[in-house]
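All remarks here apply to the structure that follows.
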Amino acid sequence: MFFYYFNPLFQYYLNVNHFEFRKHFYFCSMKETIIQLAKEYETTDFINGDPSWFMHQVEGELNKEALAFVASCFSYGSRKQFLPKIQSLLDASKGDFHKWIKEGIFRKHIANNDDCFYRLYSNRMVLQLLNKLQLCYEQHGSMKQMIKNLAEKDQNKQKNKTIDAENGGKIPAISALEVITEWFQGNIVPKNTSSSCKRLCMFLRWMVRTNSPVDLGLWSDIIDRRTLIMPLDTHVMQQANRLALINTKTTSMATALKLTKEVAKIFPEDPLKADFALFGYGVNSGGNQ
């Protein structure tokens, strides 16, 4: 026995196994923490003070879709600042947000000038965004149908795997992001998917995830929730680093995909359930405002 203990090869295997044990133990502990936090924070109470609150204030799928998209576009910076801005748009629409967009009524409420609407966004930039959204409704009927139409068109044109048989013939979330960014051409929406597209990923979470007191699941029939991508910003990145899910300081799409791959080990059928856990972890550690 002593011979084996002092044998260098034996010591090597002992150290390797000890490292693997520690790594396994930490993963199990982290997994339990994330599962518990997701249960704790994915509740109806989460909606209060969150931009997802707005889509629950209107009736009808088109109203919810349109308002959710616009709300996601303005959801950055201080909530004390952007929530009232979103509320002002909802008030202007008198609760019929889809009609407000489709019939161009929004032009009566937003001046066509370069005055500031919110932070870096001018009135003119907001009008450009809403003009493109109006065009989407005129040509496709809904954002959901636009994504379906253009993703299928891209598949037929390039003969790629935009619509994946492994996902039950549904559209991968990354393809939906590409359709949206290309349609809006950098008007408040990111110009491509090289950035993390945090707000768009959050919007897709709202639209795709089912059986949630927060998310609507209106697009669950065209996009597989297993392909959704974690909404990544600096706050989420910090919490993910603290939990050793990732080790980076870059908020790019590559990082968002890497983080999604890690949380999919915990929630393989519903990776973005972890989004609530990371939010909760930030709240508990004083990282979210």
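By order of appearance in the structure tokens: chains A, B, ..., then residues from 1 within every chain, and ligands from 1 in the order shown.
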
Shell around Lys273 in chain A at 9 Å using only C-alpha atoms, local window under 4 positions removed, as an NGL selection string: :A and (35 or 38-39 or 42 or 209 or 263 or 267 or 277)

Would you export the selected residues with all heavy atoms as a compact mmCIF listing (two decimals), in the first residue's frame, please?
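That gives us selection_15.txt:
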```txt
# COMPACT_ATOMS: atom_id res chain seq x y z
N ILE A 35 -31.39 25.88 -10.25
CA ILE A 35 -32.74 25.31 -10.30
C ILE A 35 -33.64 25.98 -9.26
O ILE A 35 -34.79 26.34 -9.54
CB ILE A 35 -32.69 23.79 -10.09
CG1 ILE A 35 -32.05 23.10 -11.31
CG2 ILE A 35 -34.10 23.23 -9.85
CD1 ILE A 35 -31.82 21.62 -11.13
N ALA A 38 -34.43 29.63 -10.24
CA ALA A 38 -35.40 29.68 -11.33
C ALA A 38 -36.82 29.47 -10.80
O ALA A 38 -37.75 30.18 -11.20
CB ALA A 38 -35.06 28.63 -12.38
N LYS A 39 -36.98 28.53 -9.88
CA LYS A 39 -38.30 28.29 -9.29
C LYS A 39 -38.77 29.51 -8.49
O LYS A 39 -39.94 29.87 -8.51
CB LYS A 39 -38.24 27.07 -8.36
CG LYS A 39 -38.11 25.74 -9.08
CD LYS A 39 -38.07 24.60 -8.08
CE LYS A 39 -37.93 23.25 -8.78
NZ LYS A 39 -37.85 22.14 -7.80
N GLU A 42 -39.27 32.76 -11.32
CA GLU A 42 -40.21 32.70 -12.44
C GLU A 42 -41.63 32.59 -11.90
O GLU A 42 -42.26 31.53 -11.90
CB GLU A 42 -39.91 31.53 -13.38
CG GLU A 42 -40.75 31.62 -14.66
CD GLU A 42 -40.47 30.51 -15.65
OE1 GLU A 42 -39.75 29.56 -15.32
OE2 GLU A 42 -41.00 30.59 -16.78
N ARG A 209 -41.38 30.78 -25.11
CA ARG A 209 -41.49 29.88 -23.97
C ARG A 209 -42.95 29.73 -23.52
O ARG A 209 -43.69 30.70 -23.40
CB ARG A 209 -40.65 30.37 -22.78
CG ARG A 209 -39.17 30.25 -23.00
CD ARG A 209 -38.37 30.58 -21.74
NE ARG A 209 -38.54 29.56 -20.71
CZ ARG A 209 -39.20 29.75 -19.57
NH1 ARG A 209 -39.79 30.92 -19.32
NH2 ARG A 209 -39.29 28.78 -18.69
N VAL A 263 -26.00 26.49 -19.69
CA VAL A 263 -27.24 26.36 -18.91
C VAL A 263 -28.13 25.26 -19.48
O VAL A 263 -28.99 24.73 -18.77
CB VAL A 263 -28.02 27.70 -18.85
CG1 VAL A 263 -27.20 28.75 -18.10
CG2 VAL A 263 -28.41 28.20 -20.23
N PHE A 267 -30.94 22.79 -17.87
CA PHE A 267 -32.31 22.78 -18.39
C PHE A 267 -32.27 22.42 -19.88
O PHE A 267 -32.46 23.29 -20.74
CB PHE A 267 -32.97 24.15 -18.21
CG PHE A 267 -33.05 24.64 -16.80
CD1 PHE A 267 -32.29 25.74 -16.39
CD2 PHE A 267 -33.87 24.02 -15.88
CE1 PHE A 267 -32.36 26.21 -15.09
CE2 PHE A 267 -33.96 24.49 -14.56
CZ PHE A 267 -33.20 25.58 -14.17
N ALA A 277 -33.03 32.53 -13.14
CA ALA A 277 -32.08 32.20 -12.08
C ALA A 277 -30.94 33.21 -12.01
O ALA A 277 -30.55 33.65 -10.92
CB ALA A 277 -31.51 30.80 -12.31
```

Residue list (alpha helix (DSSP H), DSSP) for range 180-247 of chain A, as an NGL selection string: :A and (180-184 or 198-208 or 234-242)

Grab the residues selected above and save them as a CSV table (one decimal), in the first residue's frame with N, CA and C atoms.
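Generated output (selection-v8.csv):
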```csv
chain,number,residue,atom,x,y,z
A,180,ILE,N,-35.1,39.3,-38.2
A,180,ILE,CA,-35.5,40.6,-37.6
A,180,ILE,C,-34.5,41.6,-37.8
A,181,THR,N,-33.2,41.3,-37.6
A,181,THR,CA,-32.1,42.3,-37.8
A,181,THR,C,-32.1,42.8,-39.2
A,182,GLU,N,-32.2,41.9,-40.1
A,182,GLU,CA,-32.2,42.3,-41.5
A,182,GLU,C,-33.4,43.2,-41.9
A,183,TRP,N,-34.5,42.9,-41.4
A,183,TRP,CA,-35.7,43.6,-41.7
A,183,TRP,C,-35.6,45.1,-41.2
A,184,PHE,N,-35.2,45.2,-40.0
A,184,PHE,CA,-35.2,46.6,-39.4
A,184,PHE,C,-33.9,47.3,-39.7
A,198,LYS,N,-29.2,41.3,-27.0
A,198,LYS,CA,-29.8,41.0,-25.7
A,198,LYS,C,-31.3,41.2,-25.7
A,199,ARG,N,-31.7,42.4,-26.2
A,199,ARG,CA,-33.2,42.7,-26.1
A,199,ARG,C,-34.0,41.8,-27.1
A,200,LEU,N,-33.5,41.5,-28.3
A,200,LEU,CA,-34.2,40.6,-29.2
A,200,LEU,C,-34.3,39.2,-28.6
A,201,CYS,N,-33.2,38.8,-28.0
A,201,CYS,CA,-33.3,37.4,-27.3
A,201,CYS,C,-34.3,37.4,-26.2
A,202,MET,N,-34.4,38.5,-25.5
A,202,MET,CA,-35.4,38.6,-24.4
A,202,MET,C,-36.8,38.6,-25.1
A,203,PHE,N,-37.0,39.3,-26.2
A,203,PHE,CA,-38.3,39.3,-26.9
A,203,PHE,C,-38.6,37.9,-27.3
A,204,LEU,N,-37.7,37.2,-27.9
A,204,LEU,CA,-38.0,35.8,-28.4
A,204,LEU,C,-38.3,34.9,-27.2
A,205,ARG,N,-37.7,35.1,-26.1
A,205,ARG,CA,-38.0,34.4,-24.9
A,205,ARG,C,-39.5,34.6,-24.5
A,206,TRP,N,-39.9,35.9,-24.5
A,206,TRP,CA,-41.3,36.2,-24.2
A,206,TRP,C,-42.3,35.5,-25.2
A,207,MET,N,-41.9,35.5,-26.5
A,207,MET,CA,-42.8,35.0,-27.5
A,207,MET,C,-42.8,33.4,-27.6
A,208,VAL,N,-41.8,32.8,-27.2
A,208,VAL,CA,-41.6,31.3,-27.5
A,208,VAL,C,-41.9,30.4,-26.3
A,234,THR,N,-24.1,43.1,-19.7
A,234,THR,CA,-23.0,43.1,-18.7
A,234,THR,C,-23.4,42.5,-17.4
A,235,HIS,N,-24.6,42.8,-17.0
A,235,HIS,CA,-25.1,42.3,-15.7
A,235,HIS,C,-25.2,40.7,-15.7
A,236,VAL,N,-25.8,40.2,-16.7
A,236,VAL,CA,-25.9,38.7,-16.8
A,236,VAL,C,-24.5,38.1,-16.9
A,237,MET,N,-23.7,38.8,-17.7
A,237,MET,CA,-22.3,38.2,-17.8
A,237,MET,C,-21.6,38.2,-16.5
A,238,GLN,N,-21.8,39.2,-15.7
A,238,GLN,CA,-21.1,39.2,-14.4
A,238,GLN,C,-21.6,38.1,-13.5
A,239,GLN,N,-23.0,37.8,-13.5
A,239,GLN,CA,-23.5,36.7,-12.7
A,239,GLN,C,-23.0,35.4,-13.2
A,240,ALA,N,-23.0,35.2,-14.5
A,240,ALA,CA,-22.6,34.0,-15.1
A,240,ALA,C,-21.1,33.7,-14.8
A,241,ASN,N,-20.3,34.8,-14.8
A,241,ASN,CA,-18.9,34.6,-14.4
A,241,ASN,C,-18.7,34.2,-13.0
A,242,ARG,N,-19.5,34.8,-12.1
A,242,ARG,CA,-19.5,34.5,-10.7
A,242,ARG,C,-19.8,33.0,-10.4
```

Residues within 6 Å of range 244-258 of chain A, please, as an mmCIF file with C-alpha atoms, in the first residue's frame. Count only C-alpha atoms; anything in the same chain fewer than 6 positions from it doesn't count.
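Result file part-v4.cif:
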```cif
data_model
loop_
_atom_site.group_PDB
_atom_site.id
_atom_site.type_symbol
_atom_site.label_atom_id
_atom_site.label_comp_id
_atom_site.auth_asym_id
_atom_site.auth_seq_id
_atom_site.Cartn_x
_atom_site.Cartn_y
_atom_site.Cartn_z
ATOM 1 C CA SER A 194 -22.573 39.554 -34.198
ATOM 2 C CA SER A 195 -23.589 41.415 -31.029
ATOM 3 C CA SER A 196 -25.400 39.552 -28.255
ATOM 4 C CA MET A 230 -29.661 33.663 -23.371
ATOM 5 C CA LEU A 232 -26.766 38.613 -22.446
#
```

Polymer residues at most 10 Å from Lys31 in chain A, only C-alpha atoms, same-chain spacing of 6 or more positions, as a list in words: Phe25, Leu37, Leu243, Val263, Lys265, Ile266 and Phe267 of chain A

For Lys99 in chain A: contacts at 12 Å, only C-alpha atoms, fewer than 2 positions along chain excluded, given as number ranges by chain: A: 60, 62-64, 66-67, 90, 92-97, 101-106, 133-134, 137-138, 141-142

Kindly save the residues from that selection, with C-alpha atoms included, as a PDB file, in the first residue's frame.
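Writing the result to out-v3.pdb gives the following:
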```
ATOM      1  CA  GLY A  60     -55.133  39.770 -28.513  1.00  0.00           C
ATOM      2  CA  LEU A  62     -51.199  40.920 -32.397  1.00  0.00           C
ATOM      3  CA  ASN A  63     -51.467  43.545 -29.664  1.00  0.00           C
ATOM      4  CA  LYS A  64     -49.256  41.511 -27.360  1.00  0.00           C
ATOM      5  CA  ALA A  66     -46.419  44.407 -31.246  1.00  0.00           C
ATOM      6  CA  LEU A  67     -46.210  45.884 -27.776  1.00  0.00           C
ATOM      7  CA  LEU A  90     -49.162  52.367 -24.674  1.00  0.00           C
ATOM      8  CA  ALA A  92     -51.036  56.968 -26.887  1.00  0.00           C
ATOM      9  CA  SER A  93     -52.362  53.779 -28.482  1.00  0.00           C
ATOM     10  CA  LYS A  94     -55.288  53.622 -26.015  1.00  0.00           C
ATOM     11  CA  GLY A  95     -54.675  49.917 -25.576  1.00  0.00           C
ATOM     12  CA  ASP A  96     -54.971  48.974 -29.260  1.00  0.00           C
ATOM     13  CA  PHE A  97     -51.280  48.925 -30.001  1.00  0.00           C
ATOM     14  CA  ILE A 101     -48.958  50.726 -35.569  1.00  0.00           C
ATOM     15  CA  LYS A 102     -50.712  49.268 -38.599  1.00  0.00           C
ATOM     16  CA  GLU A 103     -52.807  52.364 -39.349  1.00  0.00           C
ATOM     17  CA  GLY A 104     -49.877  54.718 -38.785  1.00  0.00           C
ATOM     18  CA  ILE A 105     -51.593  56.579 -35.955  1.00  0.00           C
ATOM     19  CA  PHE A 106     -48.238  56.720 -34.154  1.00  0.00           C
ATOM     20  CA  LEU A 133     -42.968  47.531 -38.031  1.00  0.00           C
ATOM     21  CA  GLN A 134     -45.984  48.965 -39.868  1.00  0.00           C
ATOM     22  CA  TYR A 137     -47.848  44.167 -40.648  1.00  0.00           C
ATOM     23  CA  GLU A 138     -48.899  45.402 -44.071  1.00  0.00           C
ATOM     24  CA  GLY A 141     -49.812  40.316 -41.217  1.00  0.00           C
ATOM     25  CA  SER A 142     -47.658  39.728 -38.153  1.00  0.00           C
TER      26      SER A 142
END
```

Point-to-point distance from CA of Tyr76 in chain A to CA of Glu61 in chain A, Å rounded to tenths: 24.4 Å

Those of range 27-242 of chain A in DSSP strand (DSSP E or B), formatted as a list in words: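 After running DSSP on the backbone, range 27-242 of chain A has strand (DSSP E or B) at Cys116, Phe117, Tyr118, Tyr121, Ser122, Asp164, Lys170, Ile171, Ser195 and Ile223 of chain A.
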
Spatial neighbours of range 107-112 of chain A, 10 Å, only C-alpha atoms, chain gap at least 2 places, as JSON, numbers by chain: {"A": [88, 89, 92, 93, 100, 101, 103, 104, 105, 114, 115, 117, 122, 123, 124, 125, 126, 127, 128, 130, 131]}

Save the residues we just selected, C-alpha atoms, as a PDB file, in the first residue's frame?
```
ATOM      1  CA  SER A  88     -46.387  56.705 -22.853  1.00  0.00           C
ATOM      2  CA  LEU A  89     -46.567  54.727 -26.108  1.00  0.00           C
ATOM      3  CA  ALA A  92     -51.036  56.968 -26.887  1.00  0.00           C
ATOM      4  CA  SER A  93     -52.362  53.779 -28.482  1.00  0.00           C
ATOM      5  CA  TRP A 100     -51.885  52.184 -33.614  1.00  0.00           C
ATOM      6  CA  ILE A 101     -48.958  50.726 -35.569  1.00  0.00           C
ATOM      7  CA  GLU A 103     -52.807  52.364 -39.349  1.00  0.00           C
ATOM      8  CA  GLY A 104     -49.877  54.718 -38.785  1.00  0.00           C
ATOM      9  CA  ILE A 105     -51.593  56.579 -35.955  1.00  0.00           C
ATOM     10  CA  ASP A 114     -34.098  64.864 -34.156  1.00  0.00           C
ATOM     11  CA  ASP A 115     -35.172  65.730 -30.611  1.00  0.00           C
ATOM     12  CA  PHE A 117     -37.021  60.470 -27.414  1.00  0.00           C
ATOM     13  CA  SER A 122     -34.265  60.497 -31.445  1.00  0.00           C
ATOM     14  CA  ASN A 123     -37.897  60.922 -32.449  1.00  0.00           C
ATOM     15  CA  ARG A 124     -36.881  60.272 -36.056  1.00  0.00           C
ATOM     16  CA  MET A 125     -35.205  56.980 -35.132  1.00  0.00           C
ATOM     17  CA  VAL A 126     -38.339  55.846 -33.301  1.00  0.00           C
ATOM     18  CA  LEU A 127     -40.454  56.739 -36.324  1.00  0.00           C
ATOM     19  CA  GLN A 128     -38.143  54.704 -38.570  1.00  0.00           C
ATOM     20  CA  LEU A 130     -42.314  51.980 -36.177  1.00  0.00           C
ATOM     21  CA  ASN A 131     -42.462  52.548 -39.951  1.00  0.00           C
TER      22      ASN A 131
END
```

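Between Pro172 in chain A and the candidates A:Asn187, A:Asn211, A:Ser220, A:Ser72, the tightest atom-to-atom separation, counting only C-alpha atoms, involves A:Ser220.
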